[in-house]
file target-v3.cif (mmCIF, C-alpha atoms)
data_final
#
loop_
_atom_site.label_atom_id
_atom_site.label_comp_id
_atom_site.auth_asym_id
_atom_site.auth_seq_id
_atom_site.Cartn_x
_atom_site.Cartn_y
_atom_site.Cartn_z
CA MET H 1 -6.08 -15.34 12.58
CA ALA H 2 -4.12 -13.96 15.55
CA ALA H 3 -1.07 -13.35 13.36
CA LEU H 4 -3.19 -11.31 10.97
CA GLN H 5 -4.73 -9.27 13.75
CA ALA H 6 -1.27 -8.32 14.94
CA ILE H 7 -0.62 -6.79 11.52
CA PHE H 8 -3.54 -4.37 11.76
CA PRO H 9 -2.97 -2.23 14.88
CA ASN H 10 -3.60 1.51 15.14
CA TYR H 11 -1.99 3.66 12.49
CA PHE H 12 1.63 4.66 12.84
CA THR H 13 3.10 7.02 10.30
CA LEU H 14 5.81 9.58 9.78
CA ALA H 15 5.82 13.22 10.60
CA ASN H 16 6.97 15.66 7.92
CA VAL H 17 6.40 13.22 5.07
CA SER H 18 6.32 14.73 1.62
CA SER H 19 3.29 14.38 -0.64
CA SER H 20 4.99 11.53 -2.49
CA SER H 21 5.40 9.61 0.80
CA SER H 22 9.19 9.71 0.38
CA ILE H 23 11.54 10.84 3.15
CA SER H 24 14.77 12.61 2.53
CA ALA H 25 17.79 10.72 3.76
CA LYS H 26 19.21 14.01 5.02
CA ARG H 27 16.34 14.76 7.38
CA PRO H 28 15.79 13.12 10.77
CA VAL H 29 12.62 11.14 11.14
CA THR H 30 10.20 11.18 14.01
CA ILE H 31 7.65 8.40 14.26
CA THR H 32 4.34 9.44 15.75
CA CYS H 33 1.04 7.72 16.48
CA CYS H 34 -1.29 9.63 14.21
CA ALA H 35 -2.27 9.12 10.59
CA SER H 36 -0.91 11.59 8.11
CA PRO H 37 -2.96 12.56 5.03
CA ALA H 38 0.15 12.06 2.95
CA THR H 39 0.61 8.44 3.96
CA SER H 40 -2.84 7.07 4.69
CA PHE H 41 -6.05 6.78 2.74
CA PRO H 42 -8.55 9.12 4.41
CA ALA H 43 -11.32 7.12 6.04
CA SER H 44 -13.81 9.85 5.14
CA ALA H 45 -12.97 9.47 1.46
CA ALA H 46 -13.55 5.74 1.61
CA ALA H 47 -16.84 6.23 3.41
CA GLU H 48 -17.95 8.84 0.89
CA ALA H 49 -17.16 6.53 -2.01
CA LEU H 50 -18.95 3.62 -0.36
CA ASN H 51 -22.06 5.75 0.08
CA GLY H 52 -22.15 6.31 -3.67
CA SER H 53 -22.33 4.06 -6.70
CA ALA H 54 -20.78 0.99 -5.01
CA VAL H 55 -23.94 0.30 -3.02
CA GLU H 56 -26.09 0.79 -6.14
CA ARG H 57 -24.15 -1.72 -8.26
CA SER H 58 -25.92 -5.01 -8.90
CA GLU H 59 -22.86 -6.92 -10.12
CA VAL H 60 -20.19 -8.27 -7.77
CA ARG H 61 -16.61 -7.30 -8.60
CA ILE H 62 -13.45 -9.19 -7.73
CA GLY H 63 -10.00 -7.75 -8.37
CA LEU H 64 -7.19 -10.03 -9.55
CA PRO H 65 -3.51 -9.17 -10.16
CA SER H 66 -2.99 -8.12 -13.77
CA LYS H 67 0.63 -9.17 -14.31
CA GLY H 68 3.42 -11.34 -13.04
CA ARG H 69 3.69 -14.63 -11.22
CA MET H 70 0.95 -13.75 -8.74
CA ALA H 71 -1.44 -13.18 -11.66
CA SER H 72 -0.73 -16.54 -13.34
CA GLU H 73 -0.85 -18.49 -10.08
CA THR H 74 -4.16 -16.85 -9.14
CA LEU H 75 -5.70 -17.86 -12.46
CA ASP H 76 -4.34 -21.39 -12.03
CA LEU H 77 -5.88 -21.69 -8.57
CA LEU H 78 -9.26 -20.46 -9.74
CA LYS H 79 -9.15 -22.88 -12.68
CA ASP H 80 -8.41 -25.75 -10.30
CA CYS H 81 -11.50 -24.68 -8.34
CA GLN H 82 -13.59 -24.87 -11.54
CA LEU H 83 -13.71 -21.07 -11.65
CA SER H 84 -11.97 -20.43 -14.97
CA VAL H 85 -11.73 -16.78 -15.91
CA ARG H 86 -13.08 -16.03 -19.39
CA GLN H 87 -11.20 -13.12 -20.94
CA VAL H 88 -12.26 -12.44 -24.53
CA ASN H 89 -9.30 -10.17 -25.20
CA PRO H 90 -6.07 -10.44 -23.14
CA ARG H 91 -5.76 -6.65 -23.35
CA GLN H 92 -9.10 -6.10 -21.69
CA TYR H 93 -9.14 -5.43 -17.97
CA VAL H 94 -12.61 -6.87 -17.40
CA ALA H 95 -13.53 -10.56 -17.60
CA LEU H 96 -16.11 -13.03 -16.31
CA ILE H 97 -16.24 -16.28 -14.36
CA PRO H 98 -19.18 -18.06 -16.04
CA GLN H 99 -19.67 -20.49 -13.14
CA ILE H 100 -20.75 -17.62 -10.87
CA SER H 101 -23.45 -15.40 -12.31
CA ASN H 102 -23.20 -11.65 -11.90
CA LEU H 103 -19.47 -11.80 -11.02
CA GLU H 104 -17.08 -9.48 -12.84
CA VAL H 105 -13.30 -9.89 -12.77
CA TRP H 106 -11.21 -6.72 -12.86
CA PHE H 107 -7.49 -7.07 -13.53
CA GLN H 108 -5.58 -4.44 -11.55
CA ARG H 109 -2.23 -3.79 -9.94
CA PRO H 110 -2.24 -5.39 -6.48
CA LYS H 111 -2.01 -2.07 -4.64
CA ASP H 112 -4.90 -0.71 -6.72
CA ILE H 113 -7.00 -3.72 -5.76
CA VAL H 114 -6.62 -2.76 -2.11
CA ARG H 115 -7.31 0.91 -2.79
CA LYS H 116 -10.45 0.08 -4.78
CA LEU H 117 -11.70 -2.21 -2.06
CA LEU H 118 -11.42 0.77 0.27
CA THR H 119 -13.31 3.07 -2.08
CA GLY H 120 -15.99 0.47 -2.82
CA ASP H 121 -15.11 0.06 -6.50
CA LEU H 122 -14.30 -3.60 -5.81
CA ASP H 123 -16.00 -6.04 -3.47
CA LEU H 124 -13.44 -8.84 -3.31
CA GLY H 125 -9.79 -9.21 -4.21
CA ILE H 126 -6.92 -11.69 -4.24
CA VAL H 127 -3.55 -10.13 -3.39
CA GLY H 128 -0.56 -10.73 -1.15
CA LEU H 129 -0.94 -10.12 2.57
CA ASP H 130 1.98 -7.68 2.35
CA THR H 131 -0.03 -5.55 -0.10
CA VAL H 132 -3.13 -5.62 2.10
CA SER H 133 -1.05 -4.61 5.12
CA GLU H 134 0.86 -1.83 3.36
CA TYR H 135 -1.94 -0.17 1.43
CA GLY H 136 -4.84 -1.14 3.69
CA GLN H 137 -2.99 0.29 6.70
CA GLY H 138 -5.20 -1.48 9.20
CA SER H 139 -8.45 -0.14 7.78
CA PRO H 140 -11.54 -1.70 9.39
CA GLU H 141 -13.15 -1.58 5.92
CA LEU H 142 -11.04 -4.59 4.87
CA ILE H 143 -11.64 -8.12 6.12
CA ILE H 144 -9.59 -11.21 5.33
CA VAL H 145 -11.76 -14.06 4.06
CA HIS H 146 -9.04 -16.68 3.46
CA ASP H 147 -5.55 -16.09 4.84
CA THR H 148 -3.61 -19.05 3.34
CA LEU H 149 -4.15 -19.63 -0.37
CA GLU H 150 -0.80 -21.47 -0.41
CA TYR H 151 1.05 -19.54 -3.10
CA GLY H 152 2.94 -16.26 -3.35
CA ASP H 153 4.93 -17.13 -0.22
CA CYS H 154 7.48 -14.52 0.80
CA ARG H 155 8.51 -12.40 3.77
CA LEU H 156 9.02 -8.69 4.24
CA SER H 157 12.47 -8.51 5.77
CA LEU H 158 15.17 -6.02 6.76
CA ALA H 159 18.58 -6.70 5.21
CA ILE H 160 22.00 -5.09 5.68
CA PRO H 161 25.44 -5.56 4.08
CA LYS H 162 27.68 -8.41 5.23
CA TYR H 163 30.69 -6.10 5.27
CA GLY H 164 31.93 -2.85 6.81
CA ILE H 165 30.31 -1.61 10.02
CA PHE H 166 27.66 -4.32 9.72
CA GLU H 167 30.06 -7.27 9.54
CA ASN H 168 29.35 -8.42 13.11
CA VAL H 169 25.72 -7.24 13.24
CA ASN H 170 23.37 -10.22 12.94
CA SER H 171 20.19 -9.22 14.79
CA ILE H 172 17.78 -6.33 14.95
CA SER H 173 18.72 -5.74 18.57
CA GLN H 174 22.38 -5.34 17.61
CA LEU H 175 21.38 -2.89 14.90
CA VAL H 176 19.40 -0.84 17.41
CA GLN H 177 22.38 -0.69 19.77
CA MET H 178 24.81 0.66 17.16
CA PRO H 179 26.00 4.13 18.27
CA GLN H 180 26.30 5.43 14.70
CA TRP H 181 22.62 6.36 14.34
CA THR H 182 21.84 9.91 15.42
CA SER H 183 19.40 12.62 14.43
CA GLU H 184 22.12 14.09 12.22
CA LYS H 185 23.07 10.72 10.74
CA PRO H 186 20.10 8.34 10.80
CA LEU H 187 19.99 4.80 9.52
CA ARG H 188 19.04 5.09 5.86
CA VAL H 189 16.56 2.45 4.69
CA ALA H 190 15.47 2.01 1.08
CA THR H 191 12.03 0.47 0.75
CA GLY H 192 8.74 0.52 -1.07
CA PHE H 193 6.90 -0.10 2.21
CA THR H 194 6.54 3.36 3.67
CA TYR H 195 3.77 2.36 6.09
CA LEU H 196 4.98 -0.98 7.41
CA GLY H 197 8.65 0.10 7.51
CA PRO H 198 8.33 3.04 9.93
CA LYS H 199 5.81 1.13 12.06
CA PHE H 200 8.22 -1.81 12.38
CA MET H 201 11.18 0.41 13.23
CA LYS H 202 9.22 2.14 15.97
CA GLU H 203 8.22 -1.20 17.48
CA LYS H 204 11.87 -2.32 17.50
CA GLY H 205 13.09 0.89 19.15
CA LEU H 206 15.02 2.40 16.23
CA GLU H 207 14.54 6.14 16.75
CA HIS H 208 16.82 7.63 14.13
CA VAL H 209 15.73 6.27 10.75
CA ALA H 210 15.34 7.90 7.35
CA PHE H 211 13.35 6.11 4.65
CA SER H 212 13.77 6.59 0.93
CA THR H 213 11.13 5.22 -1.39
CA ALA H 214 12.25 2.98 -4.19
CA ASP H 215 10.88 0.25 -6.44
CA GLY H 216 12.79 -2.73 -7.77
CA ALA H 217 16.50 -3.63 -7.49
CA LEU H 218 16.74 -2.37 -3.93
CA GLU H 219 19.64 -4.77 -3.34
CA ALA H 220 21.97 -2.36 -5.16
CA ALA H 221 21.25 0.59 -2.84
CA PRO H 222 23.78 -0.24 -0.07
CA ALA H 223 26.59 -0.91 -2.58
CA MET H 224 25.81 2.39 -4.32
CA GLY H 225 25.95 4.22 -1.03
CA THR H 226 22.36 5.49 -1.23
CA ALA H 227 21.14 3.41 1.72
CA ASP H 228 22.49 1.55 4.72
CA ALA H 229 19.80 -1.12 4.68
CA ILE H 230 16.84 -2.28 2.62
CA LEU H 231 13.37 -3.47 3.59
CA ASP H 232 12.00 -5.67 0.85
CA LEU H 233 10.19 -8.89 0.02
CA VAL H 234 12.34 -12.02 0.17
CA SER H 235 11.50 -15.47 -1.14
CA SER H 236 14.55 -17.73 -1.15
CA GLY H 237 17.12 -15.10 -0.14
CA THR H 238 19.34 -15.93 -3.12
CA THR H 239 19.28 -12.38 -4.51
CA LEU H 240 20.31 -10.97 -1.14
CA ARG H 241 23.23 -13.36 -0.84
CA GLU H 242 24.40 -12.65 -4.39
CA ASN H 243 24.53 -8.95 -3.50
CA ASN H 244 26.42 -9.49 -0.21
CA LEU H 245 23.39 -8.73 1.95
CA LYS H 246 22.06 -10.62 4.95
CA GLU H 247 18.78 -10.77 6.81
CA LEU H 248 18.71 -9.97 10.49
CA GLU H 249 17.45 -12.17 13.27
CA GLY H 250 14.18 -10.57 14.37
CA GLY H 251 14.11 -8.48 11.21
CA VAL H 252 11.10 -10.08 9.51
CA VAL H 253 8.20 -7.62 9.41
CA LEU H 254 5.63 -10.19 8.27
CA GLN H 255 5.22 -13.51 6.49
CA SER H 256 3.10 -13.12 3.38
CA GLN H 257 1.20 -15.21 0.86
CA ALA H 258 -1.87 -14.75 -1.31
CA VAL H 259 -5.09 -14.00 0.56
CA LEU H 260 -8.75 -13.45 -0.32
CA VAL H 261 -9.87 -10.09 1.06
CA ALA H 262 -13.26 -8.38 1.01
CA SER H 263 -14.81 -4.98 1.52
CA LYS H 264 -16.46 -5.36 4.91
CA ARG H 265 -19.21 -2.94 4.09
CA ALA H 266 -19.99 -4.67 0.79
CA VAL H 267 -20.49 -8.09 2.38
CA ILE H 268 -22.59 -6.59 5.18
CA GLU H 269 -24.87 -4.43 3.03
CA ARG H 270 -25.19 -6.45 -0.18
CA SER H 271 -26.47 -10.01 0.01
CA ALA H 272 -25.12 -10.81 -3.47
CA VAL H 273 -21.58 -10.09 -2.29
CA LEU H 274 -22.02 -12.29 0.79
CA THR H 275 -23.42 -15.15 -1.29
CA THR H 276 -20.61 -14.91 -3.84
CA THR H 277 -18.00 -14.74 -1.08
CA HIS H 278 -19.43 -17.91 0.44
CA GLU H 279 -19.27 -19.82 -2.83
CA ILE H 280 -15.72 -18.72 -3.64
CA LEU H 281 -14.56 -19.56 -0.12
CA GLU H 282 -16.20 -23.00 -0.24
CA ARG H 283 -14.56 -23.82 -3.55
CA LEU H 284 -11.16 -22.61 -2.37
CA GLU H 285 -11.38 -24.50 0.91
CA ALA H 286 -12.57 -27.73 -0.71
CA HIS H 287 -9.84 -27.66 -3.35
CA LEU H 288 -6.98 -26.67 -1.03
CA ARG H 289 -7.99 -29.34 1.44
CA ALA H 290 -7.90 -31.95 -1.33
CA VAL H 291 -4.45 -30.96 -2.64
CA GLY H 292 -2.05 -33.82 -2.00
CA GLN H 293 -4.83 -36.25 -1.02
CA PHE H 294 -5.68 -39.51 -2.81
CA THR H 295 -8.62 -41.88 -2.76
CA VAL H 296 -7.53 -45.49 -2.29
CA THR H 297 -10.06 -48.22 -3.13
CA ALA H 298 -9.54 -51.95 -2.62
CA ASN H 299 -11.41 -55.22 -2.15
CA MET H 300 -10.93 -57.33 0.97
CA LYS H 301 -12.31 -60.73 1.93
CA GLY H 302 -13.96 -60.89 5.32
CA ARG H 303 -16.73 -62.35 7.46
CA SER H 304 -18.38 -58.97 8.12
CA ALA H 305 -17.94 -55.26 7.54
CA GLU H 306 -17.01 -54.83 11.22
CA GLU H 307 -14.28 -57.47 11.02
CA VAL H 308 -12.81 -55.86 7.89
CA ALA H 309 -12.96 -52.38 9.47
CA GLU H 310 -11.15 -53.68 12.55
CA ARG H 311 -8.33 -55.00 10.36
CA ILE H 312 -8.05 -51.69 8.52
CA LEU H 313 -8.03 -49.57 11.66
CA SER H 314 -5.23 -51.70 13.09
CA GLN H 315 -2.92 -50.09 10.52
CA PRO H 316 -1.63 -46.56 11.34
CA SER H 317 -1.90 -45.17 7.78
CA LEU H 318 -5.39 -46.42 6.93
CA SER H 319 -7.67 -44.37 9.17
CA GLY H 320 -8.63 -41.88 6.42
CA LEU H 321 -10.29 -38.55 7.19
CA GLN H 322 -12.97 -39.89 9.53
CA GLY H 323 -12.41 -43.62 9.19
CA PRO H 324 -12.66 -46.09 6.30
CA THR H 325 -15.80 -46.68 4.25
CA VAL H 326 -16.57 -50.40 4.10
CA SER H 327 -19.28 -51.65 1.73
CA PRO H 328 -20.34 -55.19 0.80
CA VAL H 329 -19.50 -56.48 -2.67
CA PHE H 330 -22.38 -58.68 -3.86
CA CYS H 331 -21.89 -61.60 -6.17
CA LYS H 332 -24.06 -64.52 -7.33
CA ARG H 333 -23.03 -68.09 -6.65
CA ASP H 334 -25.11 -71.19 -7.29
CA GLY H 335 -28.15 -68.99 -7.82
CA ASN H 336 -27.69 -67.18 -4.51
CA VAL H 337 -26.56 -63.61 -3.84
CA ILE H 338 -23.73 -63.71 -1.33
CA VAL H 339 -21.09 -61.42 0.18
CA ASP H 340 -17.50 -62.66 0.32
CA TYR H 341 -15.69 -59.37 -0.24
CA TYR H 342 -15.97 -55.81 0.98
CA ALA H 343 -14.98 -52.66 -0.86
CA ILE H 344 -12.71 -50.35 1.10
CA VAL H 345 -12.45 -46.59 0.42
CA ILE H 346 -10.05 -44.37 2.34
CA CYS H 347 -8.47 -40.95 1.87
CA VAL H 348 -4.67 -40.93 2.10
CA PRO H 349 -2.11 -38.07 2.01
CA LYS H 350 0.40 -38.25 -0.83
CA LYS H 351 3.34 -38.67 1.53
CA ASP H 352 1.73 -41.81 3.03
CA LEU H 353 0.42 -43.27 -0.23
CA TYR H 354 2.89 -46.11 -0.84
CA THR H 355 3.01 -47.04 2.85
CA SER H 356 -0.80 -47.19 2.91
CA VAL H 357 -0.94 -49.44 -0.16
CA GLN H 358 1.60 -51.80 1.41
CA GLN H 359 -0.36 -51.95 4.67
CA LEU H 360 -3.62 -52.53 2.78
CA ARG H 361 -2.17 -55.43 0.81
CA GLY H 362 -0.60 -56.80 3.98
CA ILE H 363 -4.02 -57.30 5.58
CA GLY H 364 -5.61 -58.91 2.53
CA GLY H 365 -6.45 -55.99 0.23
CA SER H 366 -6.46 -56.61 -3.51
CA GLY H 367 -7.31 -54.75 -6.69
CA VAL H 368 -6.03 -51.50 -5.20
CA LEU H 369 -7.06 -48.39 -7.16
CA VAL H 370 -5.63 -44.91 -6.54
CA SER H 371 -7.01 -41.59 -7.81
CA PRO H 372 -6.31 -37.95 -6.86
CA LEU H 373 -8.97 -35.94 -5.09
CA THR H 374 -10.30 -32.68 -6.50
CA TYR H 375 -12.45 -31.46 -3.62
CA ILE H 376 -13.12 -32.29 0.01
CA PHE H 377 -16.23 -30.42 1.13
CA ASP H 378 -16.98 -30.01 4.83
CA ALA H 379 -20.51 -29.56 6.13
CA GLU H 380 -19.49 -25.89 6.37
CA PRO H 381 -15.97 -24.48 6.05
CA PRO H 382 -14.62 -23.47 9.49
CA ARG H 383 -13.34 -20.26 7.92
CA TRP H 384 -16.88 -19.30 6.97
CA ALA H 385 -18.07 -19.50 10.57
CA ASP H 386 -15.04 -17.44 11.63
CA PHE H 387 -15.73 -14.92 8.87
CA LEU H 388 -19.35 -14.46 9.96
CA THR H 389 -18.22 -14.02 13.56
CA ARG H 390 -15.84 -11.24 12.55
CA LEU H 391 -18.69 -9.63 10.63
CA GLY H 392 -20.70 -9.61 13.85
CA ARG H 393 -23.25 -12.18 12.67
#
call {"tool": "encode", "arguments": {"input": "target-v3.cif", "output": "structure tokens"}}
result
Amino acid sequence: MAALQAIFPNYFTLANVSSSSSISAKRPVTITCCASPATSFPASAAAEALNGSAVERSEVRIGLPSKGRMASETLDLLKDCQLSVRQVNPRQYVALIPQISNLEVWFQRPKDIVRKLLTGDLDLGIVGLDTVSEYGQGSPELIIVHDTLEYGDCRLSLAIPKYGIFENVNSISQLVQMPQWTSEKPLRVATGFTYLGPKFMKEKGLEHVAFSTADGALEAAPAMGTADAILDLVSSGTTLRENNLKELEGGVVLQSQAVLVASKRAVIERSAVLTTTHEILERLEAHLRAVGQFTVTANMKGRSAEEVAERILSQPSLSGLQGPTVSPVFCKRDGNVIVDYYAIVICVPKKDLYTSVQQLRGIGGSGVLVSPLTYIFDAEPPRWADFLTRLGR
């Protein structure tokens, strides 16, 4: 969690920011260390909202993305965890997860999920870490429950043109050292991240920067002459390359993927929220741990379970999660119950599957069966213990 903690330092924001959080490219920008009402959600407003109806609600609310790839992948993950979302009408913004009683699903824009977690209108949410960081702005009212849901991978990165004055600029340090940037002519950056962008620039030592807010198709801004650089989410980098843009060494603001986030106050003050959070986390952890794992079962002739186990453990790919399970296979011969064979069960990663089967057969295994795993439950998920620690419990 150290990487996450680095994302949530004290607020940094912009002086003289307009009410729309946009900054004129013609005005110099000063970065200061105090929160501005125009760019941050007032903590008093969040506290006031949390003191109201949110505490009185009996149902637990989780916010899920309403549209796009993140929305479909979130629903797929929950389905794989046996938490299928039941939506009677696809146009409705409220749904249920029947497997968890008293849990409501609210479909919202990702940034609204974060905002409603802050106001107490939602208790849990699944969004990208970039969204939590941008719209949560380091609020102590938000707490990450699971930081690697293994989809929605991208990075928030600074990109500049490959041509012109930037042709030989390949790192953030080289960009900082360029003499062109002055208070009269600052570096113009187009971005939708008006909290993370200024904070990052300050940390890198770029003093003269002007941000313009924009959504979508930012890659066209440098070619149109409306910006010198862009700060945007990047997955493969193909779109940047096709628009003659390049990322800078040291220019990645943060690595992002889908995370499960909670209202800290909700999980502290409402036992139903804590219980639901625990169940969702357990299901997520058990499923994600099982992804790419297979159960391999085989029969092996041997004098004893210990002798068979010794043979198995002599092979590098057959140790399983905590060692093999070896059980006697009983059969009846001449009226007597005897043990000639032992059943072997091990857990094997997908990448080692064929090698493991070969090794198993090489030491006398037969009748090898392979099946994918759905869940691997620990005695208690390590993330749950960490979560309770961060709650102060």
call {"tool": "resolve_selection", "arguments": {"input": "target-v3.cif", "expression": "the PyMOL selection byres ((chain H and resi 304) around 12)", "output": "compact mmCIF listing (two decimals) with C-alpha atoms, in the coordinates of the input"}}
result
# COMPACT_ATOMS: atom_id res chain seq x y z
CA MET H 300 -10.93 -57.33 0.97
CA LYS H 301 -12.31 -60.73 1.93
CA GLY H 302 -13.96 -60.89 5.32
CA ARG H 303 -16.73 -62.35 7.46
CA ALA H 305 -17.94 -55.26 7.54
CA GLU H 306 -17.01 -54.83 11.22
CA GLU H 307 -14.28 -57.47 11.02
CA VAL H 308 -12.81 -55.86 7.89
CA ALA H 309 -12.96 -52.38 9.47
CA GLU H 310 -11.15 -53.68 12.55
CA ARG H 311 -8.33 -55.00 10.36
CA VAL H 326 -16.57 -50.40 4.10
CA SER H 327 -19.28 -51.65 1.73
CA PRO H 328 -20.34 -55.19 0.80
CA VAL H 329 -19.50 -56.48 -2.67
CA ILE H 338 -23.73 -63.71 -1.33
CA VAL H 339 -21.09 -61.42 0.18
CA ASP H 340 -17.50 -62.66 0.32
CA TYR H 341 -15.69 -59.37 -0.24
CA TYR H 342 -15.97 -55.81 0.98
CA ALA H 343 -14.98 -52.66 -0.86
call {"tool": "atom_distance", "arguments": {"input": "target-v3.cif", "atom1": "CA of Glu282 (chain H)", "atom2": "CA of Gln99 (chain H)"}}
result
13.6 Å
call {"tool": "closest_residue", "arguments": {"input": "target-v3.cif", "among": "H:Cys154, H:Met224, H:Ile376, H:Val267", "to": "Gly120 (chain H)", "atoms": "only C-alpha atoms"}}
result
H:Val267
call {"tool": "closest_residue", "arguments": {"input": "target-v3.cif", "among": "H:Leu274, H:Ile144, H:Leu248, H:Val88", "to": "Asn168 (chain H)", "atoms": "all atoms listed in the file"}}
result
H:Leu248
call {"tool": "atom_distance", "arguments": {"input": "target-v3.cif", "atom1": "CA of Ser66 (chain H)", "atom2": "CA of Trp106 (chain H)"}}
result
8.4 Å
call {"tool": "closest_atom_pairs", "arguments": {"input": "target-v3.cif", "of": "region 238-325 of chain H", "to": "region 368-373 of chain H", "cutoff": "10 Å", "atoms": "only C-alpha atoms", "output": "Markdown table"}}
result
| residue | atom | partner | partner_atom | distance |
| --- | --- | --- | --- | --- |
| H:Ala286 | CA | H:Leu373 | CA | 10.0 |
| H:His287 | CA | H:Leu373 | CA | 8.5 |
| H:Arg289 | CA | H:Leu373 | CA | 9.3 |
| H:Ala290 | CA | H:Leu373 | CA | 5.6 |
| H:Val291 | CA | H:Leu373 | CA | 7.2 |
| H:Gly292 | CA | H:Pro372 | CA | 7.7 |
| H:Gln293 | CA | H:Leu373 | CA | 5.8 |
| H:Phe294 | CA | H:Pro372 | CA | 4.4 |
| H:Thr295 | CA | H:Ser371 | CA | 5.3 |
| H:Val296 | CA | H:Val370 | CA | 4.7 |
| H:Thr297 | CA | H:Leu369 | CA | 5.0 |
| H:Ala298 | CA | H:Val368 | CA | 4.4 |
| H:Asn299 | CA | H:Val368 | CA | 7.2 |
| H:Met300 | CA | H:Val368 | CA | 9.8 |
call {"tool": "residues_around", "arguments": {"input": "target-v3.cif", "residues": "region 78-83 of chain H", "least_positions_apart": "4", "cutoff": "12 Å", "atoms": "all atoms listed in the file", "output": "MDAnalysis selection string"}}
result
chainID H and resid 64 71:74 96:101 103 105 126 149 260 279:291 373:376
call {"tool": "write_last_selection", "arguments": {"input": "target-v3.cif", "atoms": "C-alpha atoms", "output": "PDB file, keeping the file's coordinate frame"}}
result
ATOM      1  CA  LEU H  64      -7.190 -10.030  -9.550  1.00  0.00           C
ATOM      2  CA  ALA H  71      -1.440 -13.180 -11.660  1.00  0.00           C
ATOM      3  CA  SER H  72      -0.730 -16.540 -13.340  1.00  0.00           C
ATOM      4  CA  GLU H  73      -0.850 -18.490 -10.080  1.00  0.00           C
ATOM      5  CA  THR H  74      -4.160 -16.850  -9.140  1.00  0.00           C
ATOM      6  CA  LEU H  96     -16.110 -13.030 -16.310  1.00  0.00           C
ATOM      7  CA  ILE H  97     -16.240 -16.280 -14.360  1.00  0.00           C
ATOM      8  CA  PRO H  98     -19.180 -18.060 -16.040  1.00  0.00           C
ATOM      9  CA  GLN H  99     -19.670 -20.490 -13.140  1.00  0.00           C
ATOM     10  CA  ILE H 100     -20.750 -17.620 -10.870  1.00  0.00           C
ATOM     11  CA  SER H 101     -23.450 -15.400 -12.310  1.00  0.00           C
ATOM     12  CA  LEU H 103     -19.470 -11.800 -11.020  1.00  0.00           C
ATOM     13  CA  VAL H 105     -13.300  -9.890 -12.770  1.00  0.00           C
ATOM     14  CA  ILE H 126      -6.920 -11.690  -4.240  1.00  0.00           C
ATOM     15  CA  LEU H 149      -4.150 -19.630  -0.370  1.00  0.00           C
ATOM     16  CA  LEU H 260      -8.750 -13.450  -0.320  1.00  0.00           C
ATOM     17  CA  GLU H 279     -19.270 -19.820  -2.830  1.00  0.00           C
ATOM     18  CA  ILE H 280     -15.720 -18.720  -3.640  1.00  0.00           C
ATOM     19  CA  LEU H 281     -14.560 -19.560  -0.120  1.00  0.00           C
ATOM     20  CA  GLU H 282     -16.200 -23.000  -0.240  1.00  0.00           C
ATOM     21  CA  ARG H 283     -14.560 -23.820  -3.550  1.00  0.00           C
ATOM     22  CA  LEU H 284     -11.160 -22.610  -2.370  1.00  0.00           C
ATOM     23  CA  GLU H 285     -11.380 -24.500   0.910  1.00  0.00           C
ATOM     24  CA  ALA H 286     -12.570 -27.730  -0.710  1.00  0.00           C
ATOM     25  CA  HIS H 287      -9.840 -27.660  -3.350  1.00  0.00           C
ATOM     26  CA  LEU H 288      -6.980 -26.670  -1.030  1.00  0.00           C
ATOM     27  CA  ARG H 289      -7.990 -29.340   1.440  1.00  0.00           C
ATOM     28  CA  ALA H 290      -7.900 -31.950  -1.330  1.00  0.00           C
ATOM     29  CA  VAL H 291      -4.450 -30.960  -2.640  1.00  0.00           C
ATOM     30  CA  LEU H 373      -8.970 -35.940  -5.090  1.00  0.00           C
ATOM     31  CA  THR H 374     -10.300 -32.680  -6.500  1.00  0.00           C
ATOM     32  CA  TYR H 375     -12.450 -31.460  -3.620  1.00  0.00           C
ATOM     33  CA  ILE H 376     -13.120 -32.290   0.010  1.00  0.00           C
TER      34      ILE H 376
END
call {"tool": "resolve_selection", "arguments": {"input": "target-v3.cif", "expression": "the PyMOL selection byres ((chain H and resi 251) around 8)", "output": "short mmCIF file (atom, residue, chain, number, x, y, z; two decimals) with C-alpha atoms, keeping the file's coordinate frame"}}
result
data_model
loop_
_atom_site.label_atom_id
_atom_site.label_comp_id
_atom_site.auth_asym_id
_atom_site.auth_seq_id
_atom_site.Cartn_x
_atom_site.Cartn_y
_atom_site.Cartn_z
CA SER H 157 12.47 -8.51 5.77
CA LEU H 158 15.17 -6.02 6.76
CA ALA H 159 18.58 -6.70 5.21
CA SER H 171 20.19 -9.22 14.79
CA ILE H 172 17.78 -6.33 14.95
CA GLU H 247 18.78 -10.77 6.81
CA LEU H 248 18.71 -9.97 10.49
CA GLU H 249 17.45 -12.17 13.27
CA GLY H 250 14.18 -10.57 14.37
CA VAL H 252 11.10 -10.08 9.51
CA VAL H 253 8.20 -7.62 9.41
#
call {"tool": "residues_around", "arguments": {"input": "target-v3.cif", "residues": "Leu142 (chain H)", "least_positions_apart": "4", "cutoff": "7 Å", "atoms": "only C-alpha atoms", "output": "list in words"}}
result
Val261, Ala262, Ser263 and Lys264 of chain H
call {"tool": "residues_near_point", "arguments": {"input": "target-v3.cif", "point": "(-12.4, -3.5, 5.5)", "cutoff": "12 Å", "atoms": "all atoms listed in the file", "output": "ChimeraX atom specification"}}
result
/H:8,43,46-47,50,114-120,122-125,132-133,135-145,261-268,390-391
call {"tool": "closest_residue", "arguments": {"input": "target-v3.cif", "among": "H:Ile363, H:Val348, H:Met201, H:Ala95", "to": "Gln108 (chain H)", "atoms": "all atoms listed in the file"}}
result
H:Ala95
